[in-house]
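To start, the structure itself, in structure tokens.
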Amino acid sequence: MLLIQYRKREWYEDYLHALEQVPWIFILIGIVILFIVLRRTKKEFHSHWNTLIPNFTYLSKDFYAQFKKELLSHGIEGVTTSFVSLKEGGITSSKRLYLRILWKNYQYDVCCAPFGDGLFLSSWLMYRTSVWQIIISHIPFIGGWLIRKFYKITYYKVDTASMFMTYCHQTVLKITDEITKESGIRISDADRKPILKDIFKR
């Protein structure tokens, strides 16, 4: 019995000694990096739209306020909005204010900004893929099969992406029509359609 207790104590002391030799700072850094990586997502371009309204000005903050009010009036559960400042180019470039709408795995960014003597409008719809899906997809030989098995592309996914995009895009067009109504300006039918990409193609 005493021999067993001695060996346990000896093993415990060896364990503590081994821990003292571990560079804890590197382990801590590794944990932080892993946490950051696991929180990141890959964003895939779903659709994009832009137009320029010449000889017209409007305050961005007023456009965003009307957009939020109109979109949220449709009762879509789980929608959150926030403002983000995105750089126009490199590190030293100026920033442009966007209104960001998040819902499920979708991110919709809309921009209203002056450009010359006109008003520039644009929108981007992104699909956010989790890092787990990215990791699984890169598993040799079976990655593609696992993705198709655990992350199936259903009618529901395709339909909800379409519905969310439709709500957001129609809101942009409605607000634009309202603010340009008195000036007699109207976006042509050809310029009202977003450019789509099949994000569900595998």
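Starting from 1 in every chain, residues are counted up; chains themselves are A, B, ... following the order of the structure tokens, and ligands are numbered from 1 as listed.
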
Exercise for the section: Skip stretch 172-182 of chain A itself and residues of its chain fewer than 3 positions away, then list as a list in words all residues within 9 Å of it, counting only C-alpha atoms. Expected result: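 Final neighbour list, sorted by chain and number: Phe56, Tyr58, Phe63, Gln66, Phe67, Glu70, Val110, Leu121, Ser123, Tyr167, Cys168, His169, Ile185, Arg186, Ile187 and Arg192 of chain A.
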
Residue subset to file, keeping all heavy atoms, as a tab-separated table (two decimals), in the first residue's frame:
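Saved the output as selection.tsv:
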chain	number	residue	atom	x	y	z
A	56	PHE	N	-28.21	64.48	-57.91
A	56	PHE	CA	-29.12	64.24	-56.79
A	56	PHE	C	-28.29	64.03	-55.53
A	56	PHE	O	-27.27	63.36	-55.56
A	56	PHE	CB	-29.97	63.00	-57.05
A	56	PHE	CG	-31.05	62.78	-56.03
A	56	PHE	CD1	-32.26	63.46	-56.12
A	56	PHE	CD2	-30.85	61.92	-54.96
A	56	PHE	CE1	-33.25	63.27	-55.16
A	56	PHE	CE2	-31.84	61.72	-54.00
A	56	PHE	CZ	-33.05	62.40	-54.11
A	58	TYR	N	-28.56	63.31	-51.09
A	58	TYR	CA	-29.39	62.87	-49.97
A	58	TYR	C	-28.47	62.45	-48.84
A	58	TYR	O	-27.40	61.87	-49.09
A	58	TYR	CB	-30.29	61.71	-50.39
A	58	TYR	CG	-31.50	61.51	-49.51
A	58	TYR	CD1	-32.60	62.35	-49.61
A	58	TYR	CD2	-31.53	60.50	-48.55
A	58	TYR	CE1	-33.72	62.18	-48.81
A	58	TYR	CE2	-32.64	60.33	-47.73
A	58	TYR	CZ	-33.73	61.16	-47.87
A	58	TYR	OH	-34.83	61.00	-47.06
A	63	PHE	N	-31.16	58.05	-45.22
A	63	PHE	CA	-31.47	56.87	-46.04
A	63	PHE	C	-31.44	55.61	-45.19
A	63	PHE	O	-32.33	54.77	-45.26
A	63	PHE	CB	-30.48	56.76	-47.20
A	63	PHE	CG	-30.78	55.64	-48.16
A	63	PHE	CD1	-31.55	55.87	-49.29
A	63	PHE	CD2	-30.32	54.34	-47.93
A	63	PHE	CE1	-31.85	54.85	-50.18
A	63	PHE	CE2	-30.62	53.32	-48.81
A	63	PHE	CZ	-31.38	53.57	-49.94
A	66	GLN	N	-34.47	55.30	-42.82
A	66	GLN	CA	-35.68	54.88	-43.53
A	66	GLN	C	-35.60	53.41	-43.91
A	66	GLN	O	-36.60	52.68	-43.85
A	66	GLN	CB	-35.89	55.74	-44.77
A	66	GLN	CG	-36.25	57.18	-44.46
A	66	GLN	CD	-36.36	58.02	-45.72
A	66	GLN	OE1	-35.48	58.83	-46.03
A	66	GLN	NE2	-37.43	57.84	-46.46
A	67	PHE	N	-34.40	52.98	-44.31
A	67	PHE	CA	-34.22	51.58	-44.69
A	67	PHE	C	-34.48	50.66	-43.51
A	67	PHE	O	-35.21	49.67	-43.62
A	67	PHE	CB	-32.80	51.36	-45.22
A	67	PHE	CG	-32.52	49.94	-45.62
A	67	PHE	CD1	-32.69	49.51	-46.93
A	67	PHE	CD2	-32.08	49.00	-44.68
A	67	PHE	CE1	-32.43	48.20	-47.30
A	67	PHE	CE2	-31.84	47.69	-45.03
A	67	PHE	CZ	-32.02	47.29	-46.35
A	70	GLU	N	-38.23	50.51	-42.61
A	70	GLU	CA	-39.02	49.76	-43.59
A	70	GLU	C	-38.75	48.26	-43.49
A	70	GLU	O	-39.67	47.45	-43.48
A	70	GLU	CB	-38.71	50.26	-45.00
A	70	GLU	CG	-39.35	49.46	-46.12
A	70	GLU	CD	-40.87	49.53	-46.12
A	70	GLU	OE1	-41.42	50.50	-45.59
A	70	GLU	OE2	-41.50	48.58	-46.65
A	110	VAL	N	-25.45	47.66	-47.14
A	110	VAL	CA	-25.98	48.65	-48.09
A	110	VAL	C	-25.25	49.96	-47.86
A	110	VAL	O	-24.93	50.34	-46.74
A	110	VAL	CB	-27.52	48.82	-47.91
A	110	VAL	CG1	-27.86	49.26	-46.50
A	110	VAL	CG2	-28.06	49.81	-48.92
A	121	LEU	N	-25.55	54.35	-54.77
A	121	LEU	CA	-26.17	53.33	-53.93
A	121	LEU	C	-25.60	51.96	-54.31
A	121	LEU	O	-25.44	51.67	-55.51
A	121	LEU	CB	-27.69	53.32	-54.12
A	121	LEU	CG	-28.45	54.60	-53.73
A	121	LEU	CD1	-29.89	54.51	-54.19
A	121	LEU	CD2	-28.38	54.82	-52.22
A	123	SER	N	-25.29	47.58	-52.77
A	123	SER	CA	-25.61	46.58	-51.75
A	123	SER	C	-24.86	45.30	-52.06
A	123	SER	O	-24.59	44.98	-53.23
A	123	SER	CB	-27.12	46.31	-51.70
A	123	SER	OG	-27.57	45.71	-52.91
A	167	TYR	N	-36.40	40.86	-49.78
A	167	TYR	CA	-36.85	41.85	-48.80
A	167	TYR	C	-35.88	43.04	-48.76
A	167	TYR	O	-36.29	44.20	-48.81
A	167	TYR	CB	-36.95	41.24	-47.42
A	167	TYR	CG	-38.33	40.72	-47.06
A	167	TYR	CD1	-38.53	39.39	-46.71
A	167	TYR	CD2	-39.43	41.59	-47.05
A	167	TYR	CE1	-39.79	38.92	-46.38
A	167	TYR	CE2	-40.70	41.12	-46.72
A	167	TYR	CZ	-40.87	39.79	-46.38
A	167	TYR	OH	-42.12	39.32	-46.05
A	168	CYS	N	-34.59	42.74	-48.64
A	168	CYS	CA	-33.58	43.81	-48.53
A	168	CYS	C	-33.52	44.65	-49.80
A	168	CYS	O	-33.52	45.89	-49.74
A	168	CYS	CB	-32.21	43.21	-48.23
A	168	CYS	SG	-32.05	42.50	-46.57
A	169	HIS	N	-33.48	43.99	-50.94
A	169	HIS	CA	-33.34	44.73	-52.20
A	169	HIS	C	-34.59	45.55	-52.51
A	169	HIS	O	-34.49	46.70	-52.95
A	169	HIS	CB	-33.04	43.76	-53.33
A	169	HIS	CG	-32.72	44.45	-54.62
A	169	HIS	ND1	-31.64	45.30	-54.76
A	169	HIS	CD2	-33.35	44.45	-55.84
A	169	HIS	CE1	-31.60	45.79	-55.99
A	169	HIS	NE2	-32.63	45.28	-56.65
A	185	ILE	N	-37.00	61.57	-60.90
A	185	ILE	CA	-35.99	60.57	-61.26
A	185	ILE	C	-36.49	59.18	-60.89
A	185	ILE	O	-37.06	58.97	-59.83
A	185	ILE	CB	-34.66	60.85	-60.53
A	185	ILE	CG1	-34.12	62.21	-60.91
A	185	ILE	CG2	-33.64	59.75	-60.83
A	185	ILE	CD1	-32.89	62.62	-60.10
A	186	ARG	N	-36.27	58.23	-61.78
A	186	ARG	CA	-36.63	56.85	-61.50
A	186	ARG	C	-35.59	55.92	-62.08
A	186	ARG	O	-35.17	56.08	-63.24
A	186	ARG	CB	-38.00	56.49	-62.08
A	186	ARG	CG	-38.48	55.09	-61.68
A	186	ARG	CD	-39.83	54.75	-62.29
A	186	ARG	NE	-40.32	53.46	-61.83
A	186	ARG	CZ	-39.93	52.29	-62.34
A	186	ARG	NH1	-39.04	52.28	-63.33
A	186	ARG	NH2	-40.41	51.15	-61.87
A	187	ILE	N	-35.16	54.95	-61.28
A	187	ILE	CA	-34.19	53.96	-61.75
A	187	ILE	C	-34.85	53.09	-62.81
A	187	ILE	O	-35.97	52.60	-62.61
A	187	ILE	CB	-33.69	53.09	-60.59
A	187	ILE	CG1	-33.05	53.96	-59.50
A	187	ILE	CG2	-32.68	52.05	-61.08
A	187	ILE	CD1	-32.65	53.19	-58.26
A	192	ARG	N	-32.46	47.88	-62.00
A	192	ARG	CA	-33.04	47.55	-60.70
A	192	ARG	C	-32.75	46.11	-60.27
A	192	ARG	O	-33.08	45.71	-59.16
A	192	ARG	CB	-34.56	47.76	-60.74
A	192	ARG	CG	-34.97	49.18	-61.02
A	192	ARG	CD	-36.46	49.31	-61.28
A	192	ARG	NE	-37.23	49.29	-60.05
A	192	ARG	CZ	-37.52	50.37	-59.31
A	192	ARG	NH1	-37.08	51.56	-59.70
A	192	ARG	NH2	-38.24	50.28	-58.22

Problem - Long-range neighbours of A:Thr80 as a list of chain:residue names, 12 Å cut-off, only C-alpha atoms, 6 positions minimum in chain - result: A:Lys68, A:Leu71, A:Leu72, A:Leu99, A:Arg100, A:Ile101, A:Leu102, A:Trp103, A:Lys104, A:Asn105, A:Tyr106, A:Gln107, A:Tyr108, A:Asp109

Keeping only N, CA and C atoms, write those residues as a compact mmCIF listing (two decimals), in the first residue's frame.
# COMPACT_ATOMS: atom_id res chain seq x y z
N LYS A 68 -33.89 50.97 -42.36
CA LYS A 68 -34.08 50.15 -41.17
C LYS A 68 -35.56 50.07 -40.77
N LEU A 71 -37.48 47.87 -43.41
CA LEU A 71 -37.14 46.45 -43.38
C LEU A 71 -37.68 45.78 -42.12
N LEU A 72 -37.50 46.43 -40.98
CA LEU A 72 -37.94 45.84 -39.71
C LEU A 72 -39.46 45.79 -39.60
N LEU A 99 -24.51 50.36 -43.81
CA LEU A 99 -25.48 49.78 -42.88
C LEU A 99 -25.43 48.27 -43.09
N ARG A 100 -25.19 47.52 -42.01
CA ARG A 100 -25.07 46.06 -42.10
C ARG A 100 -26.27 45.39 -41.45
N ILE A 101 -26.87 44.47 -42.19
CA ILE A 101 -28.00 43.71 -41.68
C ILE A 101 -27.59 42.25 -41.59
N LEU A 102 -27.76 41.64 -40.42
CA LEU A 102 -27.43 40.23 -40.22
C LEU A 102 -28.69 39.44 -39.93
N TRP A 103 -28.78 38.29 -40.59
CA TRP A 103 -29.90 37.38 -40.36
C TRP A 103 -29.45 35.96 -40.68
N LYS A 104 -29.54 35.08 -39.69
CA LYS A 104 -29.06 33.69 -39.83
C LYS A 104 -27.62 33.73 -40.33
N ASN A 105 -27.32 33.07 -41.45
CA ASN A 105 -25.96 33.05 -41.99
C ASN A 105 -25.74 34.10 -43.07
N TYR A 106 -26.62 35.08 -43.13
CA TYR A 106 -26.56 36.06 -44.21
C TYR A 106 -26.17 37.44 -43.70
N GLN A 107 -25.40 38.13 -44.51
CA GLN A 107 -24.96 39.49 -44.20
C GLN A 107 -25.27 40.38 -45.40
N TYR A 108 -26.02 41.44 -45.15
CA TYR A 108 -26.40 42.37 -46.21
C TYR A 108 -25.85 43.74 -45.86
N ASP A 109 -24.97 44.26 -46.72
CA ASP A 109 -24.39 45.58 -46.54
C ASP A 109 -24.94 46.53 -47.59

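Among the candidates A:Ile76, A:Lys61, A:Ser85, A:Glu44, the residue lying nearest to A:Ile134 is A:Glu44 (atoms considered: only C-alpha atoms).
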
Problem - Straight-line distance linking atom CA of A:Ser137 with atom CA of A:Val79, stated in Å to one decimal - result: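 A separation of 28.6 Å between them.
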
Fill in the blank from the handout: Of A:Phe164, A:Met126, A:Ser188, A:Tyr64, the one nearest to A:Gly78 when counting only C-alpha atoms is A:Phe164

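The interatomic distance for the pair atom CA of A:Ile147 and atom CA of A:Thr129 works out to 11.6 Å.
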
Exercise for the section: Figure out the distance between atom CA of A:Ile195 and atom CA of A:Cys112, please, to one decimal in Å. Expected result: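 About the pair atom CA of A:Cys112 and atom CA of A:Ile195: they are 18.2 Å apart.
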
Practice task
Using DSSP on the backbone coordinates, identify the residues of stretch 68-171 of chain A assigned to helix (DSSP H, G or I); present them as a PyMOL selection string.
Solution key: chain A and resi 68-72+131-137+143-150+155-171

Exercise for the section: Pick out the closest residue to A:His48 from this set: A:Tyr98, A:Ile135, A:Val158, A:Leu125. Count only C-alpha atoms. Expected result: A:Leu125

Among stretch 106-160 of chain A, which residues does DSSP mark as strand (DSSP E) when it is run on the backbone? Keep the chain and numbering as in the structure and answer as a CSV table (one decimal) with N, CA, C and O atoms, in the first residue's frame.
chain,number,residue,atom,x,y,z
A,106,TYR,N,-26.6,35.1,-43.1
A,106,TYR,CA,-26.6,36.1,-44.2
A,106,TYR,C,-26.2,37.4,-43.7
A,106,TYR,O,-26.6,37.9,-42.6
A,107,GLN,N,-25.4,38.1,-44.5
A,107,GLN,CA,-25.0,39.5,-44.2
A,107,GLN,C,-25.3,40.4,-45.4
A,107,GLN,O,-24.8,40.1,-46.5
A,108,TYR,N,-26.0,41.4,-45.1
A,108,TYR,CA,-26.4,42.4,-46.2
A,108,TYR,C,-25.8,43.7,-45.9
A,108,TYR,O,-26.2,44.3,-44.8
A,109,ASP,N,-25.0,44.3,-46.7
A,109,ASP,CA,-24.4,45.6,-46.5
A,109,ASP,C,-24.9,46.5,-47.6
A,109,ASP,O,-24.9,46.2,-48.8
A,110,VAL,N,-25.5,47.7,-47.1
A,110,VAL,CA,-26.0,48.6,-48.1
A,110,VAL,C,-25.2,50.0,-47.9
A,110,VAL,O,-24.9,50.3,-46.7
A,111,CYS,N,-25.0,50.6,-49.0
A,111,CYS,CA,-24.2,51.9,-48.9
A,111,CYS,C,-25.0,53.0,-49.6
A,111,CYS,O,-25.5,52.8,-50.7
A,112,CYS,N,-25.0,54.2,-49.0
A,112,CYS,CA,-25.6,55.4,-49.7
A,112,CYS,C,-24.5,56.5,-49.4
A,112,CYS,O,-24.2,56.8,-48.3
A,113,ALA,N,-24.0,57.0,-50.5
A,113,ALA,CA,-22.9,58.0,-50.4
A,113,ALA,C,-22.9,58.9,-51.6
A,113,ALA,O,-23.3,58.5,-52.7
A,114,PRO,N,-22.4,60.1,-51.4
A,114,PRO,CA,-22.3,61.1,-52.5
A,114,PRO,C,-21.2,60.7,-53.4
A,114,PRO,O,-20.1,60.1,-53.0
A,115,PHE,N,-21.4,60.9,-54.7
A,115,PHE,CA,-20.3,60.6,-55.7
A,115,PHE,C,-20.4,61.7,-56.7
A,115,PHE,O,-21.3,61.7,-57.5
A,118,GLY,N,-23.7,63.4,-57.8
A,118,GLY,CA,-24.8,62.4,-57.7
A,118,GLY,C,-24.8,61.6,-56.4
A,118,GLY,O,-24.0,61.9,-55.5
A,119,LEU,N,-25.7,60.7,-56.3
A,119,LEU,CA,-25.8,59.8,-55.2
A,119,LEU,C,-25.6,58.4,-55.6
A,119,LEU,O,-26.2,57.9,-56.5
A,120,PHE,N,-24.6,57.7,-54.9
A,120,PHE,CA,-24.3,56.3,-55.3
A,120,PHE,C,-24.9,55.4,-54.3
A,120,PHE,O,-24.8,55.6,-53.1
A,121,LEU,N,-25.5,54.4,-54.8
A,121,LEU,CA,-26.2,53.3,-53.9
A,121,LEU,C,-25.6,52.0,-54.3
A,121,LEU,O,-25.4,51.7,-55.5
A,122,SER,N,-25.3,51.2,-53.3
A,122,SER,CA,-24.9,49.8,-53.6
A,122,SER,C,-25.3,48.9,-52.5
A,122,SER,O,-25.5,49.3,-51.4
A,123,SER,N,-25.3,47.6,-52.8
A,123,SER,CA,-25.6,46.6,-51.8
A,123,SER,C,-24.9,45.3,-52.1
A,123,SER,O,-24.6,45.0,-53.2
A,124,TRP,N,-24.5,44.6,-51.0
A,124,TRP,CA,-23.8,43.3,-51.1
A,124,TRP,C,-24.5,42.3,-50.2
A,124,TRP,O,-24.7,42.6,-49.0
A,125,LEU,N,-24.8,41.2,-50.7
A,125,LEU,CA,-25.3,40.1,-49.9
A,125,LEU,C,-24.3,39.0,-49.8
A,125,LEU,O,-23.8,38.5,-50.8
A,126,MET,N,-23.9,38.6,-48.6
A,126,MET,CA,-22.9,37.6,-48.4
A,126,MET,C,-23.5,36.4,-47.6
A,126,MET,O,-24.3,36.6,-46.7
A,127,TYR,N,-22.9,35.2,-47.9
A,127,TYR,CA,-23.3,34.0,-47.1
A,127,TYR,C,-22.1,33.7,-46.3
A,127,TYR,O,-21.0,33.5,-46.8
A,128,ARG,N,-22.3,33.6,-44.9
A,128,ARG,CA,-21.2,33.3,-44.0
A,128,ARG,C,-21.0,31.9,-43.7
A,128,ARG,O,-21.9,31.3,-43.1
A,129,THR,N,-19.9,31.3,-44.2
A,129,THR,CA,-19.6,29.9,-44.0
A,129,THR,C,-18.8,29.7,-42.7
A,129,THR,O,-17.7,30.4,-42.6
A,130,SER,N,-19.1,28.9,-41.8
A,130,SER,CA,-18.4,28.7,-40.5
A,130,SER,C,-17.0,28.1,-40.8
A,130,SER,O,-16.8,27.4,-41.8
